[in-house]
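Novice: PDB, C-alpha atoms, pLDDT in the B column, saved as query39.pdb, coming up:
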MODEL        1
ATOM      1  CA  MET A   2     -17.815 -16.147 -13.960  1.00 72.00           C
ATOM      2  CA  GLY A   3     -16.121 -19.488 -13.927  1.00 85.00           C
ATOM      3  CA  ARG A   4     -14.572 -21.276 -11.014  1.00 87.00           C
ATOM      4  CA  ARG A   5     -11.036 -20.242 -12.021  1.00 85.00           C
ATOM      5  CA  THR A   6     -12.088 -16.586 -11.993  1.00 89.00           C
ATOM      6  CA  TRP A   7     -13.537 -16.833  -8.485  1.00 91.00           C
ATOM      7  CA  ILE A   8     -10.466 -18.670  -7.227  1.00 94.00           C
ATOM      8  CA  GLY A   9      -8.306 -15.948  -8.782  1.00 92.00           C
ATOM      9  CA  LEU A  10     -10.283 -13.217  -7.031  1.00 96.00           C
ATOM     10  CA  PHE A  11      -9.975 -15.055  -3.724  1.00 96.00           C
ATOM     11  CA  GLY A  12      -6.219 -15.436  -4.309  1.00 97.00           C
ATOM     12  CA  TRP A  13      -5.681 -11.719  -4.914  1.00 98.00           C
ATOM     13  CA  LEU A  14      -7.820 -10.822  -1.913  1.00 97.00           C
ATOM     14  CA  ALA A  15      -5.913 -13.309   0.266  1.00 98.00           C
ATOM     15  CA  LEU A  16      -2.570 -11.918  -0.912  1.00 97.00           C
ATOM     16  CA  CYS A  17      -3.504  -8.287  -0.292  1.00 98.00           C
ATOM     17  CA  TYR A  18      -5.144  -8.911   3.053  1.00 97.00           C
ATOM     18  CA  GLY A  19      -2.207 -11.136   3.988  1.00 97.00           C
ATOM     19  CA  VAL A  20       0.059  -8.128   3.499  1.00 96.00           C
ATOM     20  CA  SER A  21      -2.407  -6.125   5.560  1.00 95.00           C
ATOM     21  CA  ALA A  22      -2.212  -8.708   8.344  1.00 93.00           C
ATOM     22  CA  PHE A  23       1.582  -8.578   8.231  1.00 94.00           C
ATOM     23  CA  GLY A  24       1.580  -4.781   8.468  1.00 89.00           C
ATOM     24  CA  SER A  25      -0.943  -4.762  11.287  1.00 88.00           C
ATOM     25  CA  ARG A  26       1.459  -6.811  13.414  1.00 89.00           C
ATOM     26  CA  PHE A  27       3.446  -3.607  13.863  1.00 89.00           C
ATOM     27  CA  GLN A  28       1.416  -1.292  16.061  1.00 85.00           C
ATOM     28  CA  GLY A  29       2.470   2.159  17.113  1.00 82.00           C
ATOM     29  CA  GLY A  30       1.642   1.751  20.779  1.00 88.00           C
ATOM     30  CA  ALA A  31       3.334   3.936  23.383  1.00 93.00           C
ATOM     31  CA  TRP A  32       6.231   4.762  21.046  1.00 94.00           C
ATOM     32  CA  TYR A  33       3.917   6.235  18.394  1.00 94.00           C
ATOM     33  CA  ASP A  34       1.679   7.912  20.966  1.00 94.00           C
ATOM     34  CA  GLN A  35       4.594   9.942  22.361  1.00 95.00           C
ATOM     35  CA  LEU A  36       5.699  11.237  18.954  1.00 96.00           C
ATOM     36  CA  ALA A  37       4.908  14.793  17.916  1.00 97.00           C
ATOM     37  CA  LYS A  38       2.494  14.620  14.977  1.00 97.00           C
ATOM     38  CA  PRO A  39       1.217  17.157  12.463  1.00 97.00           C
ATOM     39  CA  ALA A  40      -2.198  18.726  12.965  1.00 95.00           C
ATOM     40  CA  LEU A  41      -3.644  16.819   9.999  1.00 97.00           C
ATOM     41  CA  THR A  42      -2.964  13.406  11.566  1.00 97.00           C
ATOM     42  CA  PRO A  43      -6.260  11.502  11.537  1.00 96.00           C
ATOM     43  CA  PRO A  44      -7.509   9.555  14.573  1.00 94.00           C
ATOM     44  CA  GLY A  45      -6.054   6.061  14.765  1.00 90.00           C
ATOM     45  CA  TRP A  46      -9.254   4.254  13.778  1.00 91.00           C
ATOM     46  CA  VAL A  47      -9.274   6.038  10.388  1.00 96.00           C
ATOM     47  CA  PHE A  48      -6.135   4.210   9.283  1.00 94.00           C
ATOM     48  CA  GLY A  49      -7.695   0.777   9.767  1.00 92.00           C
ATOM     49  CA  VAL A  50     -10.839   1.679   7.866  1.00 96.00           C
ATOM     50  CA  VAL A  51      -8.995   3.335   4.994  1.00 97.00           C
ATOM     51  CA  TRP A  52      -6.484   0.519   4.640  1.00 96.00           C
ATOM     52  CA  ALA A  53      -9.214  -2.144   4.704  1.00 97.00           C
ATOM     53  CA  VAL A  54     -10.865  -0.454   1.728  1.00 98.00           C
ATOM     54  CA  LEU A  55      -7.581   0.186  -0.101  1.00 98.00           C
ATOM     55  CA  TYR A  56      -6.395  -3.419   0.169  1.00 98.00           C
ATOM     56  CA  GLY A  57      -9.724  -4.554  -1.273  1.00 98.00           C
ATOM     57  CA  LEU A  58      -9.431  -2.095  -4.167  1.00 98.00           C
ATOM     58  CA  MET A  59      -5.838  -3.203  -4.806  1.00 98.00           C
ATOM     59  CA  ALA A  60      -6.879  -6.849  -4.916  1.00 98.00           C
ATOM     60  CA  ILE A  61      -9.734  -6.170  -7.321  1.00 98.00           C
ATOM     61  CA  ALA A  62      -7.453  -4.081  -9.542  1.00 98.00           C
ATOM     62  CA  ALA A  63      -4.850  -6.847  -9.764  1.00 98.00           C
ATOM     63  CA  TRP A  64      -7.571  -9.430 -10.328  1.00 98.00           C
ATOM     64  CA  LEU A  65      -9.018  -7.422 -13.231  1.00 97.00           C
ATOM     65  CA  VAL A  66      -5.645  -7.311 -14.971  1.00 97.00           C
ATOM     66  CA  TRP A  67      -4.954 -10.971 -14.189  1.00 97.00           C
ATOM     67  CA  LYS A  68      -8.428 -12.002 -15.388  1.00 95.00           C
ATOM     68  CA  ARG A  69      -7.998 -10.193 -18.700  1.00 91.00           C
ATOM     69  CA  ARG A  70      -4.365 -11.049 -19.439  1.00 82.00           C
ATOM     70  CA  GLY A  71      -3.059 -13.594 -16.939  1.00 89.00           C
ATOM     71  CA  PHE A  72       0.494 -13.500 -15.667  1.00 89.00           C
ATOM     72  CA  ALA A  73       1.868 -14.333 -19.105  1.00 91.00           C
ATOM     73  CA  GLY A  74      -0.021 -11.467 -20.734  1.00 93.00           C
ATOM     74  CA  ALA A  75       0.777  -8.816 -18.124  1.00 95.00           C
ATOM     75  CA  PRO A  76       4.076  -9.802 -16.482  1.00 97.00           C
ATOM     76  CA  TRP A  77       5.339  -6.241 -16.019  1.00 97.00           C
ATOM     77  CA  ALA A  78       2.060  -4.922 -14.657  1.00 98.00           C
ATOM     78  CA  LEU A  79       1.505  -7.767 -12.219  1.00 98.00           C
ATOM     79  CA  GLY A  80       5.200  -7.848 -11.318  1.00 98.00           C
ATOM     80  CA  ALA A  81       5.066  -4.133 -10.499  1.00 98.00           C
ATOM     81  CA  PHE A  82       1.957  -4.782  -8.418  1.00 98.00           C
ATOM     82  CA  LEU A  83       3.756  -7.469  -6.407  1.00 98.00           C
ATOM     83  CA  ALA A  84       6.769  -5.185  -5.955  1.00 98.00           C
ATOM     84  CA  GLN A  85       4.660  -2.331  -4.610  1.00 98.00           C
ATOM     85  CA  LEU A  86       2.876  -4.764  -2.308  1.00 98.00           C
ATOM     86  CA  ALA A  87       6.233  -5.845  -0.871  1.00 97.00           C
ATOM     87  CA  LEU A  88       7.218  -2.196  -0.382  1.00 98.00           C
ATOM     88  CA  ASN A  89       3.871  -1.595   1.308  1.00 97.00           C
ATOM     89  CA  ALA A  90       4.597  -4.357   3.823  1.00 96.00           C
ATOM     90  CA  ALA A  91       8.135  -3.117   4.402  1.00 97.00           C
ATOM     91  CA  TRP A  92       7.007   0.387   5.354  1.00 97.00           C
ATOM     92  CA  SER A  93       4.983  -0.831   8.349  1.00 95.00           C
ATOM     93  CA  TRP A  94       7.956  -2.813   9.589  1.00 96.00           C
ATOM     94  CA  LEU A  95      10.374   0.108   9.126  1.00 97.00           C
ATOM     95  CA  PHE A  96       8.157   2.744  10.697  1.00 96.00           C
ATOM     96  CA  PHE A  97       6.270   0.915  13.431  1.00 96.00           C
ATOM     97  CA  GLY A  98       8.367  -2.223  13.799  1.00 95.00           C
ATOM     98  CA  ILE A  99      11.880  -0.850  14.133  1.00 95.00           C
ATOM     99  CA  HIS A 100      11.050   2.869  14.513  1.00 95.00           C
ATOM    100  CA  ARG A 101      13.193   4.048  11.610  1.00 96.00           C
ATOM    101  CA  ILE A 102      11.171   7.089  10.603  1.00 96.00           C
ATOM    102  CA  GLY A 103      13.745   8.526   8.186  1.00 96.00           C
ATOM    103  CA  ILE A 104      14.366   5.238   6.401  1.00 97.00           C
ATOM    104  CA  ALA A 105      10.604   4.668   6.257  1.00 98.00           C
ATOM    105  CA  LEU A 106      10.290   8.077   4.588  1.00 98.00           C
ATOM    106  CA  LEU A 107      12.762   7.097   1.870  1.00 98.00           C
ATOM    107  CA  GLU A 108      11.021   3.765   1.468  1.00 98.00           C
ATOM    108  CA  ILE A 109       7.551   5.296   1.143  1.00 98.00           C
ATOM    109  CA  LEU A 110       8.851   7.488  -1.677  1.00 98.00           C
ATOM    110  CA  LEU A 111       9.868   4.295  -3.471  1.00 98.00           C
ATOM    111  CA  LEU A 112       6.444   2.853  -2.677  1.00 98.00           C
ATOM    112  CA  TRP A 113       4.748   5.894  -4.211  1.00 98.00           C
ATOM    113  CA  ALA A 114       6.814   5.523  -7.387  1.00 98.00           C
ATOM    114  CA  ALA A 115       6.017   1.802  -7.542  1.00 98.00           C
ATOM    115  CA  ILE A 116       2.287   2.511  -7.170  1.00 98.00           C
ATOM    116  CA  ALA A 117       2.454   5.157  -9.908  1.00 98.00           C
ATOM    117  CA  ILE A 118       4.278   2.757 -12.241  1.00 98.00           C
ATOM    118  CA  THR A 119       1.787  -0.009 -11.439  1.00 98.00           C
ATOM    119  CA  THR A 120      -1.104   2.353 -12.161  1.00 98.00           C
ATOM    120  CA  ILE A 121       0.358   3.278 -15.553  1.00 98.00           C
ATOM    121  CA  LEU A 122       1.005  -0.361 -16.417  1.00 98.00           C
ATOM    122  CA  PHE A 123      -2.493  -1.377 -15.288  1.00 98.00           C
ATOM    123  CA  TRP A 124      -3.952   1.389 -17.474  1.00 98.00           C
ATOM    124  CA  ARG A 125      -2.458  -0.321 -20.523  1.00 96.00           C
ATOM    125  CA  HIS A 126      -4.391  -3.488 -19.701  1.00 96.00           C
ATOM    126  CA  ARG A 127      -7.573  -2.305 -18.012  1.00 96.00           C
ATOM    127  CA  GLY A 128      -8.497   1.309 -17.286  1.00 97.00           C
ATOM    128  CA  LEU A 129     -10.772   0.379 -14.390  1.00 98.00           C
ATOM    129  CA  ALA A 130      -7.912  -1.454 -12.681  1.00 98.00           C
ATOM    130  CA  ALA A 131      -5.773   1.685 -12.893  1.00 98.00           C
ATOM    131  CA  ALA A 132      -8.630   3.832 -11.594  1.00 98.00           C
ATOM    132  CA  LEU A 133      -9.033   1.528  -8.594  1.00 98.00           C
ATOM    133  CA  LEU A 134      -5.420   2.262  -7.605  1.00 98.00           C
ATOM    134  CA  LEU A 135      -5.875   6.048  -7.592  1.00 98.00           C
ATOM    135  CA  PRO A 136      -7.295   6.237  -4.026  1.00 98.00           C
ATOM    136  CA  TYR A 137      -4.291   4.194  -2.882  1.00 98.00           C
ATOM    137  CA  LEU A 138      -1.899   6.571  -4.625  1.00 98.00           C
ATOM    138  CA  LEU A 139      -3.638   9.557  -3.030  1.00 98.00           C
ATOM    139  CA  TRP A 140      -3.573   7.988   0.438  1.00 98.00           C
ATOM    140  CA  VAL A 141       0.132   7.167   0.136  1.00 98.00           C
ATOM    141  CA  THR A 142       0.723  10.768  -0.966  1.00 98.00           C
ATOM    142  CA  PHE A 143      -0.924  11.853   2.292  1.00 98.00           C
ATOM    143  CA  ALA A 144       1.091   9.218   4.181  1.00 98.00           C
ATOM    144  CA  ILE A 145       4.288  10.730   2.751  1.00 98.00           C
ATOM    145  CA  TYR A 146       3.258  14.069   4.211  1.00 98.00           C
ATOM    146  CA  LEU A 147       2.562  12.462   7.601  1.00 98.00           C
ATOM    147  CA  ASN A 148       5.807  10.476   7.567  1.00 98.00           C
ATOM    148  CA  PHE A 149       7.824  13.553   6.598  1.00 98.00           C
ATOM    149  CA  GLU A 150       6.233  15.735   9.269  1.00 97.00           C
ATOM    150  CA  ILE A 151       6.668  13.103  11.977  1.00 97.00           C
ATOM    151  CA  TRP A 152      10.309  12.745  10.943  1.00 97.00           C
ATOM    152  CA  ARG A 153      10.779  16.535  10.967  1.00 96.00           C
ATOM    153  CA  LEU A 154       8.949  17.100  14.251  1.00 97.00           C
ATOM    154  CA  ASN A 155      10.826  14.376  16.093  1.00 96.00           C
ATOM    155  CA  ALA A 156      14.435  15.434  15.582  1.00 73.00           C
ATOM    156  CA  ALA A 157      14.867  13.574  12.313  1.00 53.00           C
ATOM    157  CA  SER A 158      15.068  10.036  13.715  1.00 50.00           C
ATOM    158  CA  PRO A 159      17.055   7.829  11.314  1.00 50.00           C
TER     159      PRO A 159
ENDMDL
END
What would the structure in this file look like if it were written as C-alpha cells?
Specialist:
Amino acid sequence: MGRRTWIGLFGWLALCYGVSAFGSRFQGGAWYDQLAKPALTPPGWVFGVVWAVLYGLMAIAAWLVWKRRGFAGAPWALGAFLAQLALNAAWSWLFFGIHRIGIALLEILLLWAAIAITTILFWRHRGLAAALLLPYLLWVTFAIYLNFEIWRLNAASP
C-alpha cells in the first residue's frame, strides 16, 4: 500500500475514534446508576470494549470504500457514513450528557436507519465494507432495546 493509502486509513481511524472520544466525555455516573434498567443490560465495561471494536470496524469499512472510489466516486456512501457518525456522537450527548432518554430514543432510531442506509450504499462499492458495518447495526439494534426499556422503566423521561 502506498503512503496515501496509509494516511487515509489513519484519517478514518482518527475520525471514528475522535467521535468515540467525544461520546466518552458523557459518562452515566450517579444519574445512570440510579436508573431502572432491563435485565439484559450488560456490565458497564462491556460497552467500552464493544464500542472500541465497532469504531475500528467502522473506520476500516469507510477506508475500504474511500480507497476504492474516493470521495468523488462514492459521495453518497461516504456522506451517509459521516451523517451516521454525527448521529452516533449526538446520541451520547442526548442520553448521558443532558439526560433526555426519550429524545435519545428517537435519535437512535434515526441512527439505525442511517447505519442501514450506509450499509446498503457501502455494499454497492465494496461488500466487505458493508459486512464490517453489520456488527454495528446489530449492536445499535440492541441499544435501541436498552434505550426503550430504560425510557419505559423510568417514567418516560423526555
Novice: Pick out the closest residue to Leu122 of chain A from this set: A:Val51, A:Ala22, A:Ala40, A:Ala78. Count all atoms listed in the file.
Specialist: A:Ala78
Novice: Return as a list in words the set of residues that the PyMOL selection byres ((chain A and resi 38) around 7) yields on the displayed structure.
Specialist: Leu36, Ala37, Pro39, Ala40, Thr42, Glu150, Ile151 and Leu154 of chain A
Novice: What's the separation between atom CA of Leu14 of chain A and atom CA of Ala60 of chain A, in Å to one decimal place?
Specialist: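 Interatomic distance here is 5.1 Å.
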Novice: Quick check on the file I pasted: which residues fall under the PyMOL selection byres ((chain A and resi 126-143) around 10)? Write them as a PDB file with C-alpha atoms, in the frame of the given file.
Specialist:
ATOM      1  CA  LEU A  41      -3.644  16.819   9.999  1.00 97.00           C
ATOM      2  CA  THR A  42      -2.964  13.406  11.566  1.00 97.00           C
ATOM      3  CA  PHE A  48      -6.135   4.210   9.283  1.00 94.00           C
ATOM      4  CA  VAL A  51      -8.995   3.335   4.994  1.00 97.00           C
ATOM      5  CA  TRP A  52      -6.484   0.519   4.640  1.00 96.00           C
ATOM      6  CA  VAL A  54     -10.865  -0.454   1.728  1.00 98.00           C
ATOM      7  CA  LEU A  55      -7.581   0.186  -0.101  1.00 98.00           C
ATOM      8  CA  TYR A  56      -6.395  -3.419   0.169  1.00 98.00           C
ATOM      9  CA  GLY A  57      -9.724  -4.554  -1.273  1.00 98.00           C
ATOM     10  CA  LEU A  58      -9.431  -2.095  -4.167  1.00 98.00           C
ATOM     11  CA  MET A  59      -5.838  -3.203  -4.806  1.00 98.00           C
ATOM     12  CA  ALA A  60      -6.879  -6.849  -4.916  1.00 98.00           C
ATOM     13  CA  ILE A  61      -9.734  -6.170  -7.321  1.00 98.00           C
ATOM     14  CA  ALA A  62      -7.453  -4.081  -9.542  1.00 98.00           C
ATOM     15  CA  ALA A  63      -4.850  -6.847  -9.764  1.00 98.00           C
ATOM     16  CA  TRP A  64      -7.571  -9.430 -10.328  1.00 98.00           C
ATOM     17  CA  LEU A  65      -9.018  -7.422 -13.231  1.00 97.00           C
ATOM     18  CA  VAL A  66      -5.645  -7.311 -14.971  1.00 97.00           C
ATOM     19  CA  TRP A  67      -4.954 -10.971 -14.189  1.00 97.00           C
ATOM     20  CA  ARG A  69      -7.998 -10.193 -18.700  1.00 91.00           C
ATOM     21  CA  ARG A  70      -4.365 -11.049 -19.439  1.00 82.00           C
ATOM     22  CA  GLY A  74      -0.021 -11.467 -20.734  1.00 93.00           C
ATOM     23  CA  ALA A  75       0.777  -8.816 -18.124  1.00 95.00           C
ATOM     24  CA  ALA A  78       2.060  -4.922 -14.657  1.00 98.00           C
ATOM     25  CA  ASN A  89       3.871  -1.595   1.308  1.00 97.00           C
ATOM     26  CA  ILE A 109       7.551   5.296   1.143  1.00 98.00           C
ATOM     27  CA  LEU A 110       8.851   7.488  -1.677  1.00 98.00           C
ATOM     28  CA  LEU A 112       6.444   2.853  -2.677  1.00 98.00           C
ATOM     29  CA  TRP A 113       4.748   5.894  -4.211  1.00 98.00           C
ATOM     30  CA  ALA A 114       6.814   5.523  -7.387  1.00 98.00           C
ATOM     31  CA  ALA A 115       6.017   1.802  -7.542  1.00 98.00           C
ATOM     32  CA  ILE A 116       2.287   2.511  -7.170  1.00 98.00           C
ATOM     33  CA  ALA A 117       2.454   5.157  -9.908  1.00 98.00           C
ATOM     34  CA  THR A 119       1.787  -0.009 -11.439  1.00 98.00           C
ATOM     35  CA  THR A 120      -1.104   2.353 -12.161  1.00 98.00           C
ATOM     36  CA  ILE A 121       0.358   3.278 -15.553  1.00 98.00           C
ATOM     37  CA  LEU A 122       1.005  -0.361 -16.417  1.00 98.00           C
ATOM     38  CA  PHE A 123      -2.493  -1.377 -15.288  1.00 98.00           C
ATOM     39  CA  TRP A 124      -3.952   1.389 -17.474  1.00 98.00           C
ATOM     40  CA  ARG A 125      -2.458  -0.321 -20.523  1.00 96.00           C
ATOM     41  CA  ALA A 144       1.091   9.218   4.181  1.00 98.00           C
ATOM     42  CA  ILE A 145       4.288  10.730   2.751  1.00 98.00           C
ATOM     43  CA  TYR A 146       3.258  14.069   4.211  1.00 98.00           C
ATOM     44  CA  LEU A 147       2.562  12.462   7.601  1.00 98.00           C
ATOM     45  CA  ASN A 148       5.807  10.476   7.567  1.00 98.00           C
ATOM     46  CA  PHE A 149       7.824  13.553   6.598  1.00 98.00           C
TER      47      PHE A 149
END
Novice: Could you tell me which residues the PyMOL selection byres ((chain A and resi 88) around 9) grabs in this file, written as a list in words?
Specialist: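 Here the PyMOL selection byres ((chain A and resi 88) around 9) matches Leu83, Ala84, Gln85, Leu86, Ala87, Asn89, Ala90, Ala91, Trp92, Glu108, Ile109, Leu111, Leu112 and Ala115 of chain A.
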Novice: Pick the closest to Gly29 of chain A from A:Val50, A:Ile104, A:Ile99, A:Ala15: which is it, counting only C-alpha atoms?
Specialist: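 Nearest to Gly29 of chain A: A:Ile99.
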Novice: If I take atom CA of Leu95 of chain A and atom CA of Gln35 of chain A, how far is one from the other in Å, to one decimal?
Specialist: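 Between atom CA of Leu95 of chain A and atom CA of Gln35 of chain A the gap is 17.5 Å.
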Novice: With all atoms listed in the file as the basis for distance, which of A:Tyr33, A:Pro44, A:Phe27, A:Lys68 is at the shortest distance from Arg4 of chain A?
Specialist: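 Counting all atoms listed in the file, the residue closest to Arg4 of chain A is A:Lys68.
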Novice: What's the 8 Å shell around Ser21 of chain A, counting all atoms listed in the file, without same-chain residues fewer than 2 positions away, as number ranges by chain?
Specialist: A: 17-19, 23-25, 52-53, 56, 90
Novice: Using C-alpha atoms, can you write the selected residues to a file as a PDB file, in the coordinates of the input?
Specialist:
ATOM      1  CA  CYS A  17      -3.504  -8.287  -0.292  1.00 98.00           C
ATOM      2  CA  TYR A  18      -5.144  -8.911   3.053  1.00 97.00           C
ATOM      3  CA  GLY A  19      -2.207 -11.136   3.988  1.00 97.00           C
ATOM      4  CA  PHE A  23       1.582  -8.578   8.231  1.00 94.00           C
ATOM      5  CA  GLY A  24       1.580  -4.781   8.468  1.00 89.00           C
ATOM      6  CA  SER A  25      -0.943  -4.762  11.287  1.00 88.00           C
ATOM      7  CA  TRP A  52      -6.484   0.519   4.640  1.00 96.00           C
ATOM      8  CA  ALA A  53      -9.214  -2.144   4.704  1.00 97.00           C
ATOM      9  CA  TYR A  56      -6.395  -3.419   0.169  1.00 98.00           C
ATOM     10  CA  ALA A  90       4.597  -4.357   3.823  1.00 96.00           C
TER      11      ALA A  90
END
Novice: Once you add 6 Å to each side, what are the centre and edge lengths of the axis-aligned box holding all listed atoms of segment 76-88 of chain A? One decimal in Å, as AutoDock Vina command-line options, if you can.
Specialist:
--center_x 4.4 --center_y -6.0 --center_z -8.4 --size_x 17.7 --size_y 19.6 --size_z 28.1
Novice: Between atom CA of Ala105 of chain A and atom CA of Ser93 of chain A, what is the spacing in Å?
Specialist: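 Separation between atom CA of Ser93 of chain A and atom CA of Ala105 of chain A: 8.1 Å.
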Novice: May I ask which of the residues A:Trp13, A:Trp32, A:Phe82, A:Phe96 is the closest one to Trp152 of chain A, counting all atoms listed in the file?
Specialist: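 Looking only at the distances to Trp152 of chain A, the closest residue turns out to be A:Phe96.
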Novice: Under the rule that only C-alpha atoms are counted, which of A:Ala156, A:Ala73, A:Leu79, A:Ile118 is the nearest residue to Ile102 of chain A?
Specialist: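 Looking only at the distances to Ile102 of chain A, the closest residue turns out to be A:Ala156.
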Novice: Which of these residues is nearest to Gln28 of chain A, using only C-alpha atoms: A:Phe72, A:Val47, A:Gly80, A:Phe97?
Specialist: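 Result for the nearest residue to Gln28 of chain A: A:Phe97.
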Novice: Would you save segment 91-154 of chain A to a file, keeping C-alpha atoms, as an mmCIF file, in the first residue's frame?
Specialist:
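Generated file (decode_28.cif):
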data_model
loop_
_atom_site.group_PDB
_atom_site.id
_atom_site.type_symbol
_atom_site.label_atom_id
_atom_site.label_comp_id
_atom_site.auth_asym_id
_atom_site.auth_seq_id
_atom_site.Cartn_x
_atom_site.Cartn_y
_atom_site.Cartn_z
ATOM 1 C CA ALA A 91 -25.282 13.069 19.244
ATOM 2 C CA TRP A 92 -26.838 10.073 20.995
ATOM 3 C CA SER A 93 -24.216 10.042 23.765
ATOM 4 C CA TRP A 94 -24.774 13.733 24.376
ATOM 5 C CA LEU A 95 -28.576 13.373 24.420
ATOM 6 C CA PHE A 96 -28.686 10.315 26.648
ATOM 7 C CA PHE A 97 -25.761 10.745 29.023
ATOM 8 C CA GLY A 98 -24.993 14.433 28.583
ATOM 9 C CA ILE A 99 -28.389 16.054 29.006
ATOM 10 C CA HIS A 100 -30.370 13.013 30.230
ATOM 11 C CA ARG A 101 -33.038 13.173 27.534
ATOM 12 C CA ILE A 102 -33.864 9.482 27.326
ATOM 13 C CA GLY A 103 -36.961 9.865 25.136
ATOM 14 C CA ILE A 104 -35.296 12.194 22.649
ATOM 15 C CA ALA A 105 -32.267 9.888 22.598
ATOM 16 C CA LEU A 106 -34.629 7.030 21.729
ATOM 17 C CA LEU A 107 -35.993 8.925 18.726
ATOM 18 C CA GLU A 108 -32.478 9.876 17.712
ATOM 19 C CA ILE A 109 -31.148 6.316 17.924
ATOM 20 C CA LEU A 110 -33.923 5.206 15.577
ATOM 21 C CA LEU A 111 -32.606 7.750 13.078
ATOM 22 C CA LEU A 112 -29.094 6.456 13.734
ATOM 23 C CA TRP A 113 -30.211 2.894 12.995
ATOM 24 C CA ALA A 114 -31.769 3.999 9.702
ATOM 25 C CA ALA A 115 -28.615 5.931 8.790
ATOM 26 C CA ILE A 116 -26.447 2.879 9.517
ATOM 27 C CA ALA A 117 -28.735 0.674 7.414
ATOM 28 C CA ILE A 118 -28.603 3.147 4.516
ATOM 29 C CA THR A 119 -24.818 3.415 4.839
ATOM 30 C CA THR A 120 -24.524 -0.376 4.812
ATOM 31 C CA ILE A 121 -26.591 -0.620 1.624
ATOM 32 C CA LEU A 122 -24.594 2.143 -0.044
ATOM 33 C CA PHE A 123 -21.290 0.571 1.035
ATOM 34 C CA TRP A 124 -22.456 -2.761 -0.413
ATOM 35 C CA ARG A 125 -22.658 -1.127 -3.840
ATOM 36 C CA HIS A 126 -18.982 -0.189 -3.615
ATOM 37 C CA ARG A 127 -17.379 -2.921 -1.532
ATOM 38 C CA GLY A 128 -19.180 -5.891 0.012
ATOM 39 C CA LEU A 129 -16.595 -6.314 2.761
ATOM 40 C CA ALA A 130 -17.125 -2.714 3.867
ATOM 41 C CA ALA A 131 -20.856 -3.371 4.219
ATOM 42 C CA ALA A 132 -20.203 -6.603 6.113
ATOM 43 C CA LEU A 133 -17.958 -4.748 8.560
ATOM 44 C CA LEU A 134 -20.901 -2.496 9.478
ATOM 45 C CA LEU A 135 -23.235 -5.386 10.337
ATOM 46 C CA PRO A 136 -21.958 -5.835 13.933
ATOM 47 C CA TYR A 137 -22.507 -2.100 14.436
ATOM 48 C CA LEU A 138 -26.058 -2.355 13.116
ATOM 49 C CA LEU A 139 -26.745 -5.308 15.417
ATOM 50 C CA TRP A 140 -25.292 -3.529 18.453
ATOM 51 C CA VAL A 141 -27.357 -0.405 17.769
ATOM 52 C CA THR A 142 -30.425 -2.643 17.442
ATOM 53 C CA PHE A 143 -29.653 -3.920 20.947
ATOM 54 C CA ALA A 144 -29.006 -0.340 22.102
ATOM 55 C CA ILE A 145 -32.479 0.623 20.854
ATOM 56 C CA TYR A 146 -33.929 -2.093 23.059
ATOM 57 C CA LEU A 147 -31.922 -0.843 26.054
ATOM 58 C CA ASN A 148 -32.815 2.797 25.406
ATOM 59 C CA PHE A 149 -36.504 1.951 25.014
ATOM 60 C CA GLU A 150 -36.609 -0.144 28.180
ATOM 61 C CA ILE A 151 -34.757 2.472 30.224
ATOM 62 C CA TRP A 152 -37.186 5.096 28.932
ATOM 63 C CA ARG A 153 -40.172 2.860 29.750
ATOM 64 C CA LEU A 154 -38.904 1.811 33.178
#
